[in-house]
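Student: Sharing work.cif (mmCIF, C-alpha atoms) below.
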```cif
data_my_file
loop_
_atom_site.label_atom_id
_atom_site.label_comp_id
_atom_site.auth_asym_id
_atom_site.auth_seq_id
_atom_site.Cartn_x
_atom_site.Cartn_y
_atom_site.Cartn_z
CA MET F 190 251.14 -18.85 96.42
CA LYS F 191 248.50 -21.47 95.46
CA ASP F 192 249.44 -21.08 91.81
CA LYS F 193 253.15 -21.76 92.48
CA PHE F 194 253.18 -24.85 94.72
CA CYS F 195 251.26 -28.12 94.89
CA SER F 196 248.81 -27.89 97.80
CA LEU F 197 249.34 -31.54 98.71
CA CYS F 198 253.10 -32.22 98.47
CA GLU F 199 254.19 -28.53 98.37
CA ALA F 200 256.44 -29.18 95.37
CA GLU F 201 256.91 -26.24 93.02
CA LEU F 202 254.54 -26.41 90.05
CA THR F 203 256.09 -26.66 86.60
CA GLU F 204 254.82 -25.73 83.15
CA ASN F 205 253.75 -29.36 82.71
CA ASP F 206 251.31 -29.03 85.61
CA LEU F 207 248.04 -27.79 84.12
CA VAL F 208 247.14 -25.11 86.66
CA LYS F 209 243.56 -24.58 85.45
CA VAL F 210 242.77 -28.26 84.89
CA ASN F 211 244.34 -29.42 88.19
CA ARG F 212 242.53 -26.79 90.28
CA LEU F 213 240.25 -27.96 93.10
CA ALA F 214 236.90 -26.43 94.10
CA ASP F 215 238.53 -24.41 96.90
CA GLY F 216 241.25 -22.96 94.62
CA ASN F 217 244.03 -25.33 95.67
CA ILE F 218 246.09 -26.98 92.92
CA LEU F 219 247.62 -30.45 92.64
CA CYS F 220 250.75 -31.29 90.68
CA ASN F 221 250.52 -34.09 88.12
CA ASN F 222 252.30 -36.56 90.43
CA CYS F 223 249.81 -36.02 93.27
CA LEU F 224 246.91 -36.14 90.84
CA GLU F 225 248.09 -39.54 89.60
CA ARG F 226 248.53 -40.69 93.20
CA VAL F 227 244.95 -39.73 94.12
CA GLY F 228 243.59 -41.08 90.83
CA ALA F 229 245.19 -44.46 91.51
CA ILE F 230 243.04 -44.68 94.65
CA ASN F 231 239.84 -43.16 93.26
CA GLU F 232 239.57 -42.79 89.47
CA TYR F 233 236.33 -40.82 89.86
CA VAL F 234 238.30 -37.87 91.22
CA LEU F 235 240.26 -37.53 87.96
CA TYR F 236 237.07 -36.70 86.06
CA ASN F 237 235.43 -34.55 88.75
CA LEU F 238 238.36 -32.68 90.29
CA GLU F 239 236.37 -29.42 90.33
CA TRP F 240 233.92 -30.97 92.81
CA ASN F 241 236.57 -31.76 95.41
CA THR F 242 238.42 -29.65 97.98
CA LEU F 243 241.83 -30.27 99.53
CA SER F 244 240.16 -31.72 102.65
CA HIS F 245 238.29 -34.20 100.43
CA ILE F 246 241.60 -35.25 98.83
CA HIS F 247 243.15 -35.81 102.28
CA GLU F 248 240.14 -37.98 103.25
CA ILE F 249 240.45 -40.08 100.08
CA ILE F 250 244.13 -40.74 100.81
CA LYS F 251 243.70 -41.28 104.56
CA TYR F 252 240.70 -43.63 104.36
CA ASN F 253 241.51 -45.14 100.95
CA ILE F 254 238.08 -44.19 99.53
CA LYS F 255 238.01 -46.04 96.24
CA SER F 256 234.60 -45.32 94.72
CA ARG F 257 231.91 -42.66 94.42
CA LYS F 258 229.01 -43.12 96.82
CA THR F 259 225.49 -42.60 95.47
CA ILE F 260 223.10 -40.04 96.91
CA ASP F 261 221.05 -42.89 98.42
CA GLU F 262 224.10 -44.40 100.18
CA ILE F 263 225.12 -41.04 101.60
CA ALA F 264 221.62 -40.33 102.89
CA HIS F 265 221.42 -43.81 104.48
CA GLU F 266 224.75 -43.31 106.26
CA GLU F 267 223.75 -39.84 107.48
CA GLU F 268 220.49 -41.28 108.86
CA LYS F 269 222.30 -44.21 110.52
CA ASN F 270 224.88 -41.92 112.17
CA ALA F 271 222.44 -39.20 113.24
CA THR F 272 222.15 -38.46 116.98
CA GLY F 273 218.61 -38.67 118.33
CA PRO F 274 215.39 -39.74 116.61
CA ILE F 275 214.54 -38.38 113.16
CA PRO F 276 210.87 -37.40 112.63
CA LYS F 277 208.97 -39.79 110.33
CA ASP F 278 207.65 -36.90 108.22
CA TYR F 279 211.20 -35.71 107.63
CA LYS F 280 212.36 -39.20 106.63
CA ARG F 281 209.47 -39.57 104.20
CA ARG F 282 210.10 -36.18 102.61
CA GLU F 283 213.86 -36.76 102.42
CA ARG F 284 213.41 -40.08 100.61
CA GLN F 285 210.89 -38.43 98.29
CA LEU F 286 213.32 -35.64 97.38
CA ILE F 287 216.24 -38.06 96.93
CA TYR F 288 214.06 -40.05 94.54
CA GLN F 289 213.25 -36.84 92.62
CA LEU F 290 216.95 -35.92 92.41
CA ASN F 291 217.74 -39.32 90.94
CA GLN F 292 214.82 -39.07 88.51
CA VAL F 293 216.09 -35.76 87.07
CA ASP F 294 219.69 -37.08 86.90
CA ALA F 295 220.93 -34.33 89.21
CA ASN F 296 224.45 -35.86 89.25
CA LEU F 297 225.32 -33.99 92.46
CA SER F 298 228.71 -34.23 94.12
CA PRO F 299 229.06 -36.93 96.81
CA PHE F 300 229.91 -34.09 99.19
CA ALA F 301 226.48 -32.43 98.74
CA ALA F 302 224.86 -34.73 101.32
CA GLY F 303 224.64 -31.92 103.89
CA GLU F 304 222.77 -29.63 101.50
CA ILE F 305 220.45 -32.47 100.43
CA LYS F 306 219.53 -33.10 104.07
CA GLN F 307 218.38 -29.48 104.38
CA LEU F 308 215.95 -29.65 101.44
CA PRO F 309 213.04 -31.16 103.46
CA HIS F 310 213.25 -28.13 105.76
CA ILE F 311 213.34 -25.64 102.86
CA LEU F 312 210.97 -26.96 100.19
CA GLU F 313 207.20 -27.10 100.64
CA ASP F 314 205.60 -30.55 100.76
CA ASP F 315 204.05 -30.16 97.31
CA GLU F 316 207.19 -28.83 95.60
CA GLU F 317 208.77 -31.15 93.04
CA ILE F 318 212.36 -30.90 91.85
CA ILE F 319 212.70 -30.19 88.13
CA ALA F 320 216.50 -29.86 88.01
CA ALA F 321 219.51 -29.53 90.32
CA THR F 322 223.28 -29.08 90.06
CA ASP F 323 226.33 -28.21 92.12
CA SER F 324 227.27 -24.57 92.50
CA LYS F 325 230.68 -23.40 93.70
CA VAL F 326 229.80 -23.63 97.41
CA GLY F 327 226.44 -25.39 97.54
CA ILE F 328 223.66 -26.66 95.30
CA LEU F 329 221.11 -24.96 93.05
CA VAL F 330 217.66 -26.54 92.86
CA VAL F 331 214.72 -25.57 90.63
CA THR F 332 211.16 -26.59 91.42
CA GLN F 333 207.86 -25.79 89.72
CA ARG F 334 207.61 -22.84 92.12
CA ASN F 335 211.07 -21.57 93.08
CA MET F 336 214.78 -21.40 92.33
CA VAL F 337 216.54 -22.42 95.57
CA TYR F 338 220.22 -21.99 96.40
CA VAL F 339 221.51 -23.92 99.43
CA GLU F 340 224.94 -22.81 100.60
CA LYS F 341 227.40 -25.29 102.08
CA GLN F 342 227.89 -24.62 105.81
CA ILE F 343 230.28 -26.61 107.96
CA PHE F 344 230.43 -24.85 111.32
CA SER F 345 227.31 -22.66 111.18
CA SER F 346 223.60 -22.90 110.46
CA VAL F 347 222.46 -23.47 106.91
CA LYS F 348 222.03 -20.50 104.58
CA PHE F 349 219.69 -20.59 101.62
CA LYS F 350 218.02 -18.24 99.17
CA ILE F 351 214.60 -18.74 97.60
CA THR F 352 213.68 -16.81 94.45
CA PRO F 353 210.10 -17.36 93.24
CA ASN F 354 209.92 -18.31 89.56
CA GLU F 355 207.56 -15.43 88.78
CA GLU F 356 210.19 -12.98 90.04
CA ILE F 357 212.74 -14.18 87.45
CA LYS F 358 212.66 -12.41 84.08
CA SER F 359 215.35 -14.44 82.29
CA ILE F 360 218.53 -16.50 82.77
CA ILE F 361 221.81 -16.58 80.82
CA LEU F 362 224.60 -19.18 80.91
CA LEU F 363 228.07 -17.66 80.48
CA GLY F 364 231.61 -19.05 80.45
CA ASP F 365 233.74 -21.68 78.76
CA ASN F 366 234.79 -25.29 79.38
CA THR F 367 236.74 -24.47 82.55
CA SER F 368 234.66 -21.72 84.17
CA HIS F 369 230.95 -21.00 83.86
CA ASN F 370 228.17 -19.27 85.76
CA MET F 371 224.51 -18.46 85.36
CA SER F 372 223.16 -14.91 85.54
CA VAL F 373 219.59 -14.66 86.82
CA TYR F 374 217.76 -11.44 85.94
CA THR F 375 215.09 -10.71 88.54
CA LYS F 376 212.32 -8.12 88.76
CA ASN F 377 213.27 -6.70 92.16
CA GLU F 378 216.77 -7.90 93.13
CA GLY F 379 218.77 -7.08 90.00
CA ILE F 380 221.13 -9.79 88.74
CA LEU F 381 221.96 -12.89 90.80
CA ILE F 382 225.07 -14.80 89.72
CA TYR F 383 225.61 -18.49 90.50
CA PRO F 384 229.05 -19.98 89.64
CA PHE F 385 229.15 -23.68 88.83
CA THR F 386 231.76 -26.32 89.68
CA ALA F 387 230.33 -29.16 87.58
CA ASN F 388 231.75 -29.75 84.10
CA LYS F 389 230.17 -27.94 81.16
CA ALA F 390 228.25 -30.97 79.88
CA VAL F 391 226.49 -31.38 83.25
CA VAL F 392 225.73 -27.64 83.48
CA ASP F 393 224.35 -27.61 79.92
CA VAL F 394 221.93 -30.41 80.82
CA PHE F 395 220.78 -28.47 83.90
CA PHE F 396 220.37 -25.21 81.93
CA ASN F 397 218.44 -26.88 79.11
CA LYS F 398 215.97 -28.32 81.63
CA ILE F 399 215.11 -24.91 83.10
CA LYS F 400 215.63 -22.36 80.32
CA ASN F 401 212.07 -22.66 79.00
CA ILE F 402 210.70 -21.91 82.46
CA TYR F 403 212.42 -18.53 82.64
CA ASN F 404 213.23 -17.56 79.03
CA LYS F 405 209.70 -17.55 77.70
CA PRO F 406 209.27 -16.24 74.14
CA LYS F 407 207.87 -12.75 73.92
CA PRO F 408 204.25 -12.66 72.68
CA GLU F 409 203.75 -11.00 69.32
CA SER F 410 202.92 -7.37 69.84
CA GLN F 411 199.47 -6.24 68.73
CA PRO F 412 199.08 -2.95 66.82
CA GLN F 413 198.13 -0.18 69.21
CA PRO F 414 195.62 2.54 68.31
CA ILE F 415 197.19 5.95 67.73
CA SER F 416 196.48 8.33 70.58
CA TYR F 417 196.49 12.07 70.04
CA GLN F 418 196.46 12.82 73.77
CA GLU F 419 199.42 14.58 75.27
CA THR F 420 201.96 12.02 76.45
CA VAL F 421 203.43 12.12 79.95
CA PRO F 422 207.22 12.56 79.90
CA LEU F 423 209.14 9.58 81.25
CA LYS F 424 211.20 9.87 84.40
CA LYS F 425 214.77 10.72 83.38
CA GLN F 426 217.33 8.00 84.07
CA SER F 427 220.99 8.48 84.83
CA SER F 428 223.60 7.69 82.18
CA ALA F 429 224.97 4.85 84.32
CA GLU F 430 221.54 3.18 84.51
CA ILE F 431 221.04 3.49 80.76
CA PHE F 432 224.48 2.06 79.91
CA SER F 433 223.85 -0.80 82.36
CA GLN F 434 220.57 -1.59 80.60
CA LEU F 435 222.32 -1.43 77.21
CA GLU F 436 224.85 -4.01 78.40
CA LYS F 437 222.03 -6.33 79.57
CA LEU F 438 220.27 -5.92 76.23
CA GLY F 439 223.48 -6.95 74.43
CA GLN F 440 223.73 -10.11 76.55
CA LEU F 441 220.09 -10.99 75.87
CA ARG F 442 220.67 -10.61 72.11
CA GLU F 443 223.87 -12.73 72.22
CA ASN F 444 221.94 -15.51 73.96
CA GLY F 445 219.09 -15.43 71.44
CA ILE F 446 216.46 -14.05 73.82
CA LEU F 447 216.12 -10.82 71.79
CA THR F 448 216.12 -10.63 68.00
CA ASP F 449 218.30 -8.06 66.23
CA GLU F 450 215.20 -5.98 65.47
CA GLU F 451 214.06 -6.03 69.11
CA PHE F 452 217.56 -5.15 70.29
CA THR F 453 217.80 -2.20 67.88
CA GLU F 454 214.38 -0.91 68.90
CA GLN F 455 215.12 -1.10 72.64
CA LYS F 456 218.58 0.39 72.17
CA LYS F 457 217.10 3.36 70.29
CA LYS F 458 214.59 3.98 73.07
CA LEU F 459 217.32 3.92 75.73
CA LEU F 460 219.63 6.25 73.78
CA GLU F 461 216.79 8.77 73.40
CA LYS F 462 216.74 9.09 77.20
CA LEU F 463 220.35 10.35 77.35
#
```
Render the structure in this file as structure tokens.

Tutor:
Amino acid sequence: MKDKFCSLCEAELTENDLVKVNRLADGNILCNNCLERVGAINEYVLYNLEWNTLSHIHEIIKYNIKSRKTIDEIAHEEEKNATGPIPKDYKRRERQLIYQLNQVDANLSPFAAGEIKQLPHILEDDEEIIAATDSKVGILVVTQRNMVYVEKQIFSSVKFKITPNEEIKSIILLGDNTSHNMSVYTKNEGILIYPFTANKAVVDVFFNKIKNIYNKPKPESQPQPISYQETVPLKKQSSAEIFSQLEKLGQLRENGILTDEEFTEQKKKLLEKL
């Protein structure tokens, strides 16, 4: 039903209402009239619709929120409105991390304040933020040590996932101008997929900052001496596992991580196991 009626005024959507472009982060859709109405109050929303939910739109209309608040302003308001004393060490670390986010041009959504406040509890004191961006329901942060995903939680305790950088084999950015996600290939957990809500230009900046950390060029192979000893047969893999590996190889070649020669060589080895 979300694709048939405006989530704000409940008017039936027409062919002139761009369903994909007018879609909010939570899947709700605004008609062009409502979009113009909200944009007249806060022009920032028009260019960052994918960062906002229907509840955010209601708040903008109800409280006549006219401008985007910076990360520093949000953090200051959260601190001012907090109940009970805030430890000095936490305040120091929070300000330090906010400074780092601004230095790397994180460009996070104004509604990511809750996730930002959790970072001092999650990151070690000596971790420095290299890059950060909004994901579909949270934020993704990369430090010199870890990739950290902090999920947005409203009525429950915070959820987060830490993946050490040395556990990540490679990353791939997939999608188009309206929908994109990053696939993270790990050594022990398979593939982790993080969908993004930021526009493609912002995501490209984030990806370019971290790709050299995880997509390291393969060292040139050295010639190996020929051994005449009897080789030990490899453990036989199932067809499903082999086809899954072939698909991953194809993605790595498409994204320039493997050359055509490397792809052909690895493909031949996998097919010999069938």

Student: Could you state the separation of atom CA of Tyr403 of chain F and atom CA of Ile380 of chain F in Å, given to one decimal place?

Tutor: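 Pair atom CA of Tyr403 of chain F / atom CA of Ile380 of chain F returns 13.8 Å.
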
Student: The PyMOL selection byres ((chain F and resi 338) around 8) on the file shown: which residues, as JSON, numbers by chain?

Tutor: {"F": [327, 328, 329, 330, 336, 337, 339, 340, 349, 350, 351]}

Student: Write the selection just made, keeping C-alpha atoms, as a short mmCIF file (atom, residue, chain, number, x, y, z; two decimals), in the frame of the given file?

Tutor:
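Saved file result.cif follows:
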```cif
data_model
loop_
_atom_site.label_atom_id
_atom_site.label_comp_id
_atom_site.auth_asym_id
_atom_site.auth_seq_id
_atom_site.Cartn_x
_atom_site.Cartn_y
_atom_site.Cartn_z
CA GLY F 327 226.44 -25.39 97.54
CA ILE F 328 223.66 -26.66 95.30
CA LEU F 329 221.11 -24.96 93.05
CA VAL F 330 217.66 -26.54 92.86
CA MET F 336 214.78 -21.40 92.33
CA VAL F 337 216.54 -22.42 95.57
CA VAL F 339 221.51 -23.92 99.43
CA GLU F 340 224.94 -22.81 100.60
CA PHE F 349 219.69 -20.59 101.62
CA LYS F 350 218.02 -18.24 99.17
CA ILE F 351 214.60 -18.74 97.60
#
```

Student: Could you state the separation of atom CA of Pro384 of chain F and atom CA of Lys456 of chain F in Å, given to one decimal place?

Tutor: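 According to the coordinates, atom CA of Pro384 of chain F and atom CA of Lys456 of chain F are separated by 28.8 Å.
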
Student: Pick the closest to Tyr233 of chain F from F:Phe385, F:Glu450, F:Ile249, F:Phe396: which is it, counting all atoms listed in the file?

Tutor: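 Result for the nearest residue to Tyr233 of chain F: F:Ile249.
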
Student: So how many Å separate atom CA of Gln455 of chain F and atom CA of Glu356 of chain F, to one decimal?

Tutor: 21.6 Å

Student: With only C-alpha atoms as the counted atoms, please give the residues lying no more than 9 Å from segment 199-203 of chain F, apart from itself and same-chain residues fewer than 4 positions off, as a ChimeraX atom specification.

Tutor: /F:192-195,207-208,218-221

Student: Considering only C-alpha atoms, can you say which of F:Phe300, F:Trp240, F:Tyr288, F:Tyr279 comes closest to Glu313 of chain F?

Tutor: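 Selected residue with least distance to Glu313 of chain F: F:Tyr279.
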
Student: Any chance you could resolve the PyMOL selection byres ((chain F and resi 357) around 10) against this file and give the residues as a list in words?

Tutor: Asn335, Met336, Thr352, Pro353, Asn354, Glu355, Glu356, Lys358, Ser359, Ile360, Val373, Tyr374, Thr375, Lys376, Asn377, Glu378, Gly379, Ile380, Leu381, Ile402, Tyr403 and Asn404 of chain F

Student: Can you write out the residues you just picked, keeping C-alpha atoms, as a PDB file, in the coordinates of the input?

Tutor:
```pdb
ATOM      1  CA  ASN F 335     211.070 -21.570  93.080  1.00  0.00           C
ATOM      2  CA  MET F 336     214.780 -21.400  92.330  1.00  0.00           C
ATOM      3  CA  THR F 352     213.680 -16.810  94.450  1.00  0.00           C
ATOM      4  CA  PRO F 353     210.100 -17.360  93.240  1.00  0.00           C
ATOM      5  CA  ASN F 354     209.920 -18.310  89.560  1.00  0.00           C
ATOM      6  CA  GLU F 355     207.560 -15.430  88.780  1.00  0.00           C
ATOM      7  CA  GLU F 356     210.190 -12.980  90.040  1.00  0.00           C
ATOM      8  CA  LYS F 358     212.660 -12.410  84.080  1.00  0.00           C
ATOM      9  CA  SER F 359     215.350 -14.440  82.290  1.00  0.00           C
ATOM     10  CA  ILE F 360     218.530 -16.500  82.770  1.00  0.00           C
ATOM     11  CA  VAL F 373     219.590 -14.660  86.820  1.00  0.00           C
ATOM     12  CA  TYR F 374     217.760 -11.440  85.940  1.00  0.00           C
ATOM     13  CA  THR F 375     215.090 -10.710  88.540  1.00  0.00           C
ATOM     14  CA  LYS F 376     212.320  -8.120  88.760  1.00  0.00           C
ATOM     15  CA  ASN F 377     213.270  -6.700  92.160  1.00  0.00           C
ATOM     16  CA  GLU F 378     216.770  -7.900  93.130  1.00  0.00           C
ATOM     17  CA  GLY F 379     218.770  -7.080  90.000  1.00  0.00           C
ATOM     18  CA  ILE F 380     221.130  -9.790  88.740  1.00  0.00           C
ATOM     19  CA  LEU F 381     221.960 -12.890  90.800  1.00  0.00           C
ATOM     20  CA  ILE F 402     210.700 -21.910  82.460  1.00  0.00           C
ATOM     21  CA  TYR F 403     212.420 -18.530  82.640  1.00  0.00           C
ATOM     22  CA  ASN F 404     213.230 -17.560  79.030  1.00  0.00           C
TER      23      ASN F 404
END
```

Student: Would you kindly translate the PyMOL selection byres ((chain F and resi 241) around 12) into the concrete residues it picks from this file, as number ranges by chain?

Tutor: F: 211-219, 227, 233-240, 242-249, 257, 297-301, 323, 325-326, 386-387
